[in-house]
>>> print(open('target.cif').read())   # mmCIF, C-alpha atoms and all ligand atoms
data_input
loop_
_atom_site.group_PDB
_atom_site.id
_atom_site.type_symbol
_atom_site.label_atom_id
_atom_site.label_comp_id
_atom_site.auth_asym_id
_atom_site.auth_seq_id
_atom_site.Cartn_x
_atom_site.Cartn_y
_atom_site.Cartn_z
ATOM 1 C CA MET R 231 -17.280 10.194 20.855
ATOM 2 C CA HIS R 232 -15.595 7.033 21.995
ATOM 3 C CA HIS R 233 -12.054 7.103 23.279
ATOM 4 C CA GLU R 234 -9.321 6.128 20.839
ATOM 5 C CA PRO R 235 -6.335 4.691 22.648
ATOM 6 C CA GLY R 236 -2.795 5.297 21.504
ATOM 7 C CA LEU R 237 -0.998 8.241 20.000
ATOM 8 C CA ALA R 238 -2.358 9.640 16.746
ATOM 9 C CA THR R 239 0.010 9.117 13.810
ATOM 10 C CA SER R 240 0.837 12.422 12.124
ATOM 11 C CA VAL R 241 0.346 13.001 8.398
ATOM 12 C CA SER R 242 4.115 13.307 7.858
ATOM 13 C CA GLU R 243 4.785 10.063 9.765
ATOM 14 C CA LEU R 244 2.167 8.271 7.670
ATOM 15 C CA THR R 245 3.719 9.663 4.488
ATOM 16 C CA ASP R 246 7.153 8.427 5.565
ATOM 17 C CA GLN R 247 5.725 4.977 6.361
ATOM 18 C CA LEU R 248 4.042 4.781 2.949
ATOM 19 C CA ARG R 249 7.253 5.763 1.147
ATOM 20 C CA ALA R 250 9.270 3.282 3.240
ATOM 21 C CA LEU R 251 6.791 0.561 2.286
ATOM 22 C CA GLY R 252 7.528 1.281 -1.367
ATOM 23 C CA VAL R 253 4.732 3.572 -2.586
ATOM 24 C CA ARG R 254 6.101 5.134 -5.790
ATOM 25 C CA GLU R 255 6.143 8.896 -6.113
ATOM 26 C CA GLY R 256 4.506 9.843 -9.414
ATOM 27 C CA GLY R 257 2.817 6.440 -9.751
ATOM 28 C CA VAL R 258 -0.775 5.213 -9.734
ATOM 29 C CA LEU R 259 -1.844 3.904 -6.323
ATOM 30 C CA LEU R 260 -5.072 1.944 -5.755
ATOM 31 C CA VAL R 261 -5.923 1.876 -2.041
ATOM 32 C CA HIS R 262 -8.287 -0.437 -0.178
ATOM 33 C CA THR R 263 -8.402 0.492 3.496
ATOM 34 C CA ALA R 264 -10.227 0.056 6.793
ATOM 35 C CA PHE R 265 -9.728 3.283 8.744
ATOM 36 C CA THR R 266 -10.546 1.473 12.004
ATOM 37 C CA ALA R 267 -7.294 -0.486 11.573
ATOM 38 C CA VAL R 268 -5.156 2.576 10.770
ATOM 39 C CA ARG R 269 -6.434 5.042 13.389
ATOM 40 C CA PRO R 270 -5.850 7.105 15.384
ATOM 41 C CA VAL R 271 -4.602 9.465 12.693
ATOM 42 C CA GLU R 272 -4.004 13.204 12.930
ATOM 43 C CA GLY R 273 -6.925 14.785 11.046
ATOM 44 C CA GLY R 274 -8.929 11.536 10.834
ATOM 45 C CA PRO R 275 -9.745 10.048 7.397
ATOM 46 C CA LEU R 276 -8.818 13.349 5.716
ATOM 47 C CA GLY R 277 -5.386 13.134 7.349
ATOM 48 C CA LEU R 278 -4.924 9.645 5.904
ATOM 49 C CA ILE R 279 -5.998 10.912 2.458
ATOM 50 C CA ARG R 280 -3.513 13.803 2.734
ATOM 51 C CA ALA R 281 -0.734 11.330 3.569
ATOM 52 C CA LEU R 282 -1.632 9.092 0.612
ATOM 53 C CA ARG R 283 -1.680 12.133 -1.694
ATOM 54 C CA ALA R 284 1.692 13.264 -0.337
ATOM 55 C CA ALA R 285 3.183 9.779 -0.829
ATOM 56 C CA VAL R 286 2.276 9.655 -4.547
ATOM 57 C CA GLY R 287 3.005 13.375 -4.987
ATOM 58 C CA ALA R 288 1.548 15.886 -7.434
ATOM 59 C CA ARG R 289 2.450 13.728 -10.465
ATOM 60 C CA GLY R 290 0.890 10.625 -8.908
ATOM 61 C CA THR R 291 -2.722 9.453 -9.089
ATOM 62 C CA LEU R 292 -4.617 8.135 -6.060
ATOM 63 C CA VAL R 293 -7.516 5.697 -6.624
ATOM 64 C CA MET R 294 -10.116 4.172 -4.257
ATOM 65 C CA PRO R 295 -13.201 1.984 -4.712
ATOM 66 C CA THR R 296 -16.514 3.842 -4.177
ATOM 67 C CA MET R 297 -18.942 1.022 -4.945
ATOM 68 C CA THR R 298 -22.639 1.399 -4.219
ATOM 69 C CA ASP R 299 -25.514 -0.984 -3.451
ATOM 70 C CA GLY R 300 -27.367 -0.511 -6.755
ATOM 71 C CA ALA R 301 -30.652 -0.010 -4.910
ATOM 72 C CA SER R 302 -31.312 3.398 -6.486
ATOM 73 C CA VAL R 303 -30.201 5.288 -9.609
ATOM 74 C CA PHE R 304 -26.498 6.058 -9.184
ATOM 75 C CA ASP R 305 -25.397 9.687 -9.183
ATOM 76 C CA PRO R 306 -21.590 9.992 -8.924
ATOM 77 C CA ARG R 307 -22.049 13.405 -7.267
ATOM 78 C CA SER R 308 -24.265 12.210 -4.422
ATOM 79 C CA THR R 309 -24.642 8.422 -3.994
ATOM 80 C CA PRO R 310 -22.814 7.251 -0.842
ATOM 81 C CA THR R 311 -20.478 4.279 -1.037
ATOM 82 C CA HIS R 312 -21.632 0.926 0.335
ATOM 83 C CA ASP R 313 -19.272 -0.971 2.645
ATOM 84 C CA MET R 314 -16.141 0.753 1.271
ATOM 85 C CA GLY R 315 -15.077 2.417 4.523
ATOM 86 C CA VAL R 316 -15.027 6.015 5.709
ATOM 87 C CA THR R 317 -11.758 6.888 3.929
ATOM 88 C CA ALA R 318 -13.100 6.070 0.445
ATOM 89 C CA ASP R 319 -16.450 7.664 1.281
ATOM 90 C CA THR R 320 -14.609 10.838 2.320
ATOM 91 C CA PHE R 321 -12.203 10.754 -0.654
ATOM 92 C CA TRP R 322 -14.757 10.932 -3.487
ATOM 93 C CA ARG R 323 -16.433 13.963 -1.891
ATOM 94 C CA GLN R 324 -13.246 16.083 -2.054
ATOM 95 C CA ALA R 325 -12.794 18.864 -4.635
ATOM 96 C CA GLY R 326 -10.812 17.745 -7.678
ATOM 97 C CA VAL R 327 -11.637 14.044 -7.277
ATOM 98 C CA VAL R 328 -13.172 12.288 -10.318
ATOM 99 C CA ARG R 329 -15.698 9.455 -9.820
ATOM 100 C CA SER R 330 -16.473 6.859 -12.465
ATOM 101 C CA THR R 331 -20.053 6.190 -13.526
ATOM 102 C CA HIS R 332 -20.605 2.419 -13.200
ATOM 103 C CA PRO R 333 -23.950 2.151 -11.313
ATOM 104 C CA GLY R 334 -22.632 -0.404 -8.819
ATOM 105 C CA ALA R 335 -18.863 -0.576 -9.165
ATOM 106 C CA SER R 336 -17.604 3.007 -9.267
ATOM 107 C CA PHE R 337 -14.112 4.170 -8.291
ATOM 108 C CA ALA R 338 -12.777 7.625 -7.480
ATOM 109 C CA ALA R 339 -9.408 9.022 -8.565
ATOM 110 C CA GLU R 340 -7.390 12.195 -8.149
ATOM 111 C CA GLY R 341 -4.306 13.149 -10.138
ATOM 112 C CA PRO R 342 -3.123 13.441 -13.755
ATOM 113 C CA LEU R 343 -4.547 10.021 -14.795
ATOM 114 C CA ALA R 344 -7.868 10.316 -12.935
ATOM 115 C CA GLU R 345 -10.011 10.923 -16.038
ATOM 116 C CA ARG R 346 -8.527 7.923 -17.859
ATOM 117 C CA ILE R 347 -9.003 5.645 -14.849
ATOM 118 C CA CYS R 348 -12.615 6.787 -14.444
ATOM 119 C CA ALA R 349 -13.473 6.568 -18.177
ATOM 120 C CA PRO R 350 -16.849 5.038 -19.157
ATOM 121 C CA GLN R 351 -16.828 1.210 -19.099
ATOM 122 C CA PRO R 352 -19.184 -1.690 -19.906
ATOM 123 C CA LEU R 353 -21.748 -2.669 -17.232
ATOM 124 C CA SER R 354 -20.369 -6.216 -17.210
ATOM 125 C CA PRO R 355 -17.937 -7.342 -16.126
ATOM 126 C CA PRO R 356 -17.687 -4.547 -13.542
ATOM 127 C CA HIS R 357 -13.942 -5.121 -13.024
ATOM 128 C CA GLY R 358 -12.742 -6.100 -16.497
ATOM 129 C CA PRO R 359 -9.858 -4.672 -18.563
ATOM 130 C CA GLU R 360 -11.812 -1.473 -19.382
ATOM 131 C CA SER R 361 -12.771 -0.809 -15.742
ATOM 132 C CA PRO R 362 -10.876 1.401 -13.288
ATOM 133 C CA VAL R 363 -8.908 -1.573 -11.923
ATOM 134 C CA GLY R 364 -8.189 -2.554 -15.533
ATOM 135 C CA GLN R 365 -6.807 0.934 -16.150
ATOM 136 C CA VAL R 366 -4.699 0.841 -12.974
ATOM 137 C CA HIS R 367 -3.283 -2.497 -14.199
ATOM 138 C CA ALA R 368 -2.608 -1.160 -17.715
ATOM 139 C CA LEU R 369 -0.871 1.900 -16.250
ATOM 140 C CA GLY R 370 1.467 -0.215 -14.113
ATOM 141 C CA GLY R 371 -0.076 0.943 -10.847
ATOM 142 C CA GLN R 372 0.425 -0.360 -7.333
ATOM 143 C CA VAL R 373 -2.198 -1.923 -5.037
ATOM 144 C CA LEU R 374 -2.090 -0.951 -1.351
ATOM 145 C CA LEU R 375 -4.087 -2.972 1.195
ATOM 146 C CA LEU R 376 -4.122 -0.936 4.392
ATOM 147 C CA GLY R 377 -5.611 -2.877 7.298
ATOM 148 C CA VAL R 378 -7.476 -5.210 4.927
ATOM 149 C CA THR R 379 -6.532 -8.447 3.129
ATOM 150 C CA HIS R 380 -6.595 -9.542 -0.512
ATOM 151 C CA SER R 381 -10.282 -10.441 0.107
ATOM 152 C CA GLU R 382 -10.861 -6.732 -0.570
ATOM 153 C CA SER R 383 -8.564 -6.629 -3.599
ATOM 154 C CA THR R 384 -10.755 -5.856 -6.613
ATOM 155 C CA THR R 385 -7.740 -6.373 -8.872
ATOM 156 C CA LEU R 386 -8.190 -10.138 -8.384
ATOM 157 C CA HIS R 387 -11.625 -9.813 -10.026
ATOM 158 C CA LEU R 388 -9.739 -8.321 -13.000
ATOM 159 C CA ALA R 389 -7.598 -11.472 -13.076
ATOM 160 C CA GLU R 390 -10.796 -13.575 -13.072
ATOM 161 C CA ALA R 391 -12.171 -11.531 -15.985
ATOM 162 C CA ILE R 392 -8.956 -11.873 -18.011
ATOM 163 C CA ALA R 393 -8.848 -15.624 -17.249
ATOM 164 C CA GLU R 394 -12.536 -15.922 -18.246
ATOM 165 C CA VAL R 395 -13.306 -18.059 -15.195
ATOM 166 C CA PRO R 396 -16.326 -20.339 -15.728
ATOM 167 C CA TYR R 397 -18.453 -18.913 -12.872
ATOM 168 C CA SER R 398 -20.717 -15.877 -12.998
ATOM 169 C CA VAL R 399 -23.448 -14.601 -10.691
ATOM 170 C CA SER R 400 -25.881 -11.794 -11.579
ATOM 171 C CA HIS R 401 -27.017 -9.083 -9.175
ATOM 172 C CA PRO R 402 -29.828 -6.544 -9.666
ATOM 173 C CA CYS R 403 -28.833 -2.921 -10.157
ATOM 174 C CA VAL R 404 -31.063 0.096 -10.754
ATOM 175 C CA VAL R 405 -30.077 2.201 -13.776
ATOM 176 C CA GLU R 406 -31.744 5.068 -15.608
ATOM 177 C CA VAL R 407 -32.930 4.299 -19.140
ATOM 178 C CA ASP R 408 -34.525 7.180 -21.090
ATOM 179 C CA GLY R 409 -35.232 9.000 -17.844
ATOM 180 C CA ALA R 410 -36.897 6.042 -16.117
ATOM 181 C CA ALA R 411 -35.464 3.843 -13.369
ATOM 182 C CA ARG R 412 -35.078 0.213 -14.460
ATOM 183 C CA THR R 413 -33.557 -2.807 -12.769
ATOM 184 C CA VAL R 414 -30.946 -4.640 -14.825
ATOM 185 C CA MET R 415 -29.024 -7.779 -13.905
ATOM 186 C CA ILE R 416 -25.257 -7.358 -13.923
ATOM 187 C CA ALA R 417 -23.185 -10.523 -14.284
ATOM 188 C CA GLU R 418 -19.953 -10.660 -12.304
ATOM 189 C CA THR R 419 -17.480 -13.170 -10.917
ATOM 190 C CA ASP R 420 -18.894 -12.956 -7.416
ATOM 191 C CA HIS R 421 -18.178 -15.228 -4.438
ATOM 192 C CA CYS R 422 -17.162 -14.736 -0.785
ATOM 193 C CA CYS R 423 -13.643 -13.648 -1.876
ATOM 194 C CA VAL R 424 -11.952 -15.295 1.145
ATOM 195 C CA GLY R 425 -10.045 -17.402 -1.404
ATOM 196 C CA PHE R 426 -8.368 -14.207 -2.659
ATOM 197 C CA ARG R 427 -6.233 -14.391 0.508
ATOM 198 C CA ARG R 428 -4.236 -17.155 -1.211
ATOM 199 C CA ALA R 429 -2.492 -14.330 -3.064
ATOM 200 C CA ASP R 430 -0.523 -13.591 0.141
ATOM 201 C CA GLY R 431 1.351 -16.891 -0.100
ATOM 202 C CA TRP R 432 1.822 -16.656 -3.867
ATOM 203 C CA LEU R 433 3.297 -13.148 -3.692
ATOM 204 C CA ARG R 434 5.402 -13.761 -0.563
ATOM 205 C CA ALA R 435 6.968 -16.866 -2.111
ATOM 206 C CA ARG R 436 8.301 -14.702 -4.939
ATOM 207 C CA GLY R 437 9.122 -11.606 -2.908
ATOM 208 C CA LEU R 438 6.479 -9.593 -4.765
ATOM 209 C CA GLN R 439 4.671 -8.201 -1.728
ATOM 210 C CA ARG R 440 6.041 -5.475 0.550
ATOM 211 C CA GLU R 441 4.596 -5.534 4.073
ATOM 212 C CA GLY R 442 4.888 -3.214 7.029
ATOM 213 C CA THR R 443 2.999 -0.997 9.432
ATOM 214 C CA VAL R 444 1.238 2.210 8.391
ATOM 215 C CA GLY R 445 -0.404 4.005 11.294
ATOM 216 C CA HIS R 446 -1.585 1.060 13.382
ATOM 217 C CA ALA R 447 -2.468 -1.102 10.391
ATOM 218 C CA HIS R 448 -0.732 -3.995 8.701
ATOM 219 C CA ALA R 449 -0.028 -2.872 5.132
ATOM 220 C CA ARG R 450 0.521 -4.915 1.969
ATOM 221 C CA LEU R 451 1.828 -3.392 -1.251
ATOM 222 C CA CYS R 452 2.235 -5.056 -4.642
ATOM 223 C CA ASP R 453 2.285 -4.188 -8.328
ATOM 224 C CA ALA R 454 -1.081 -4.715 -10.026
ATOM 225 C CA ARG R 455 0.635 -6.386 -13.017
ATOM 226 C CA GLU R 456 2.538 -8.831 -10.814
ATOM 227 C CA LEU R 457 -0.565 -9.611 -8.756
ATOM 228 C CA VAL R 458 -2.605 -10.315 -11.904
ATOM 229 C CA ALA R 459 0.185 -12.337 -13.531
ATOM 230 C CA VAL R 460 0.561 -14.579 -10.483
ATOM 231 C CA ALA R 461 -3.223 -15.004 -10.174
ATOM 232 C CA LEU R 462 -3.485 -15.895 -13.889
ATOM 233 C CA GLU R 463 -0.901 -18.674 -13.456
ATOM 234 C CA HIS R 464 -2.935 -20.198 -10.628
ATOM 235 C CA LEU R 465 -6.257 -19.724 -12.459
ATOM 236 C CA ALA R 466 -4.771 -21.487 -15.499
ATOM 237 C CA ALA R 467 -3.943 -24.495 -13.301
ATOM 238 C CA ASP R 468 -7.320 -24.405 -11.494
ATOM 239 C CA PRO R 469 -10.041 -22.012 -12.728
ATOM 240 C CA LEU R 470 -11.927 -22.469 -9.423
ATOM 241 C CA VAL R 471 -8.876 -21.790 -7.221
ATOM 242 C CA PHE R 472 -10.517 -18.762 -5.563
ATOM 243 C CA LEU R 473 -13.732 -20.573 -4.549
ATOM 244 C CA CYS R 474 -14.271 -22.235 -1.159
ATOM 245 C CA ALA R 475 -14.315 -26.027 -1.445
ATOM 246 C CA ALA R 476 -17.724 -27.557 -2.188
ATOM 247 C CA GLY R 477 -19.547 -28.729 0.921
ATOM 248 C CA ARG R 478 -17.804 -26.251 3.236
ATOM 249 C CA GLY R 479 -21.064 -24.366 3.706
ATOM 250 C CA CYS R 480 -20.088 -21.205 1.832
ATOM 251 C CA GLU R 481 -23.337 -20.210 0.126
ATOM 252 C CA GLU R 482 -21.698 -17.585 -2.109
ATOM 253 C CA CYS R 483 -19.009 -19.918 -3.416
ATOM 254 C CA ASP R 484 -21.580 -22.721 -3.802
ATOM 255 C CA ALA R 485 -23.680 -20.335 -5.944
ATOM 256 C CA ALA R 486 -20.610 -19.545 -8.047
ATOM 257 C CA ARG R 487 -19.891 -23.295 -8.460
ATOM 258 C CA ALA R 488 -23.529 -23.935 -9.415
ATOM 259 C CA SER R 489 -23.229 -21.302 -12.186
ATOM 260 C CA VAL R 490 -20.458 -23.263 -13.954
ATOM 261 C CA GLY R 491 -21.870 -24.604 -17.188
ATOM 262 C CA ALA R 492 -25.225 -22.863 -16.679
ATOM 263 C CA LEU R 493 -26.560 -20.316 -19.134
ATOM 264 C CA PRO R 494 -26.150 -16.697 -17.994
ATOM 265 C CA ALA R 495 -29.091 -15.521 -15.884
HETATM 266 ZN ZN ZN R 501 -16.511 -18.829 -0.091
#
>>> encode(input="target.cif", output="structure tokens", more="lines below")
Ligand SMILES: [Zn+2]
Amino acid sequence: MHHEPGLATSVSELTDQLRALGVREGGVLLVHTAFTAVRPVEGGPLGLIRALRAAVGARGTLVMPTMTDGASVFDPRSTPTHDMGVTADTFWRQAGVVRSTHPGASFAAEGPLAERICAPQPLSPPHGPESPVGQVHALGGQVLLLGVTHSESTTLHLAEAIAEVPYSVSHPCVVEVDGAARTVMIAETDHCCVGFRRADGWLRARGLQREGTVGHAHARLCDARELVAVALEHLAADPLVFLCAAGRGCEECDAARASVGALPA
């Protein structure tokens, strides 16, 4: 075990910090987090989950991304998350937590609206209006970025889907068809997502983002509807606003640019 400097934040302190930030009791809360930025926390990732649950309360619903790499047939009861952090990978394994069934883009939820948020959805787009982030948006939920930036904010992919941006990249994903594993290509609005960080300036300019410290992490909180509405305004003015400029050497954004006008793969 490596040494963690600093005093561990208690679950009740974390809960107070989340409430002070503006987390709504009884609401829907979608959380993207890097535990390494929040720690040390009393009880580790489970302590952070307890604090998030306490902040939304028994009538609230907590949601986290539990996406997978698509390299094998997805089983919501056993497939580990890929690059989603230890908190999300701990959350979906808890009793009473529902996990959605998209083979690459699953989410987990706990609370009264968990089943609705994790309802079956189309394969593509993974983060459209019928996806978990689409449900969080429709339900008037909040988005909490805890120690991460808007680069991790899947809700901005929802904005891209609603705006019908002209770029689309397809990735292979293994699914089960009639009992046999098959690889399908799933089209999505993929790029490096660094451009999503522009949302900070857009939201701050209008006072639509609450910011503060939770544990040791910088925290951002906004309403999913306000985030999407602001992103849609900017996408209407420039549909490629989230992509890195051409010639900057970003291979992912260059691939997205190259897809504009091309037939779907
Ligand atoms: Zn890029």
>>> residues_around(input="target.cif", residues="stretch 340-352 of chain R", least_positions_apart="2", cutoff="10 Å", atoms="only C-alpha atoms", output="PyMOL selection string")
chain R and resi 256-258+283+286-294+321-322+324-332+336-338+354-369
>>> resolve_selection(input="target.cif", expression="the PyMOL selection byres (((chain R and resi 420) around 7) and not hetatm)", output="MDAnalysis selection string")
chainID R and resid 398:399 418:419 421 486
>>> residues_near_ligand(input="target.cif", ligand="ligand ZN 501 (chain R)", cutoff="7 Å", atoms="all atoms listed in the file", output="NGL selection string")
:R and (421-425 or 473-474 or 480-483)
>>> atom_distance(input="target.cif", atom1="atom CA of R:Gln247", atom2="atom CA of R:Ala285")
9.0 Å
>>> closest_residue(input="target.cif", among="R:Leu457, R:Asp305, R:Val405, R:Leu282", to="R:Arg436", atoms="all atoms listed in the file")
R:Leu457
>>> resolve_selection(input="target.cif", expression="the PyMOL selection byres (((chain R and resi 384) around 9) and not hetatm)", output="MDAnalysis selection string")
chainID R and resid 262 295 357 363 380:383 385:388
>>> resolve_selection(input="target.cif", expression="the PyMOL selection byres (((chain R and resi 469) around 12) and not hetatm)", output="PyMOL selection string")
chain R and resi 389-397+419+461-468+470-473+486-487+490
>>> closest_residue(input="target.cif", among="R:Ala454, R:Leu438, R:Ala238, R:Cys403", to="R:Arg269", atoms="all atoms listed in the file")
R:Ala238
>>> closest_residue(input="target.cif", among="R:Gly334, R:Gly236, R:Gly371, R:Gly477", to="R:Glu255", atoms="all atoms listed in the file")
R:Gly371
>>> atom_distance(input="target.cif", atom1="atom CA of R:Thr379", atom2="atom CA of R:Ala267")
11.6 Å
>>> closest_residue(input="target.cif", among="R:Ala485, R:Leu374, R:Pro333, R:Arg428", to="R:Ser400", atoms="all atoms listed in the file")
R:Ala485
>>> closest_residue(input="target.cif", among="R:Val444, R:Ile416, R:Ala410, R:Leu451", to="R:Ala429", atoms="all atoms listed in the file")
R:Leu451
>>> closest_atom_pairs(input="target.cif", of="stretch 246-295 of chain R", to="stretch 306-318 of chain R", cutoff="10 Å", atoms="only C-alpha atoms", output="JSON lines")
{"residue": "R:Val261", "atom": "CA", "partner": "R:Ala318", "partner_atom": "CA", "distance": 8.7}
{"residue": "R:His262", "atom": "CA", "partner": "R:Met314", "partner_atom": "CA", "distance": 8.1}
{"residue": "R:Thr263", "atom": "CA", "partner": "R:Gly315", "partner_atom": "CA", "distance": 7.0}
{"residue": "R:Ala264", "atom": "CA", "partner": "R:Gly315", "partner_atom": "CA", "distance": 5.9}
{"residue": "R:Phe265", "atom": "CA", "partner": "R:Thr317", "partner_atom": "CA", "distance": 6.3}
{"residue": "R:Thr266", "atom": "CA", "partner": "R:Gly315", "partner_atom": "CA", "distance": 8.8}
{"residue": "R:Gly274", "atom": "CA", "partner": "R:Thr317", "partner_atom": "CA", "distance": 8.8}
{"residue": "R:Pro275", "atom": "CA", "partner": "R:Thr317", "partner_atom": "CA", "distance": 5.1}
{"residue": "R:Leu276", "atom": "CA", "partner": "R:Thr317", "partner_atom": "CA", "distance": 7.3}
{"residue": "R:Gly277", "atom": "CA", "partner": "R:Thr317", "partner_atom": "CA", "distance": 9.6}
{"residue": "R:Leu278", "atom": "CA", "partner": "R:Thr317", "partner_atom": "CA", "distance": 7.6}
{"residue": "R:Ile279", "atom": "CA", "partner": "R:Thr317", "partner_atom": "CA", "distance": 7.2}
{"residue": "R:Val293", "atom": "CA", "partner": "R:Ala318", "partner_atom": "CA", "distance": 9.0}
{"residue": "R:Met294", "atom": "CA", "partner": "R:Ala318", "partner_atom": "CA", "distance": 5.9}
{"residue": "R:Pro295", "atom": "CA", "partner": "R:Ala318", "partner_atom": "CA", "distance": 6.6}
>>> residues_around(input="target.cif", residues="R:Ala411", least_positions_apart="5", cutoff="12 Å", atoms="only C-alpha atoms", output="list of chain:residue names")
R:Gly300, R:Ala301, R:Ser302, R:Val303, R:Phe304, R:Pro333, R:Cys403, R:Val404, R:Val405, R:Glu406
>>> atom_distance(input="target.cif", atom1="atom CA of R:Trp432", atom2="atom CA of R:Ala250")
22.4 Å
>>> axis_aligned_box(input="target.cif", around="stretch 400-415 of chain R", padding_each_side="4 Å", output="JSON")
{"center_x": -31.4, "center_y": -1.4, "center_z": -15.1, "size_x": 19.0, "size_y": 28.8, "size_z": 19.9}
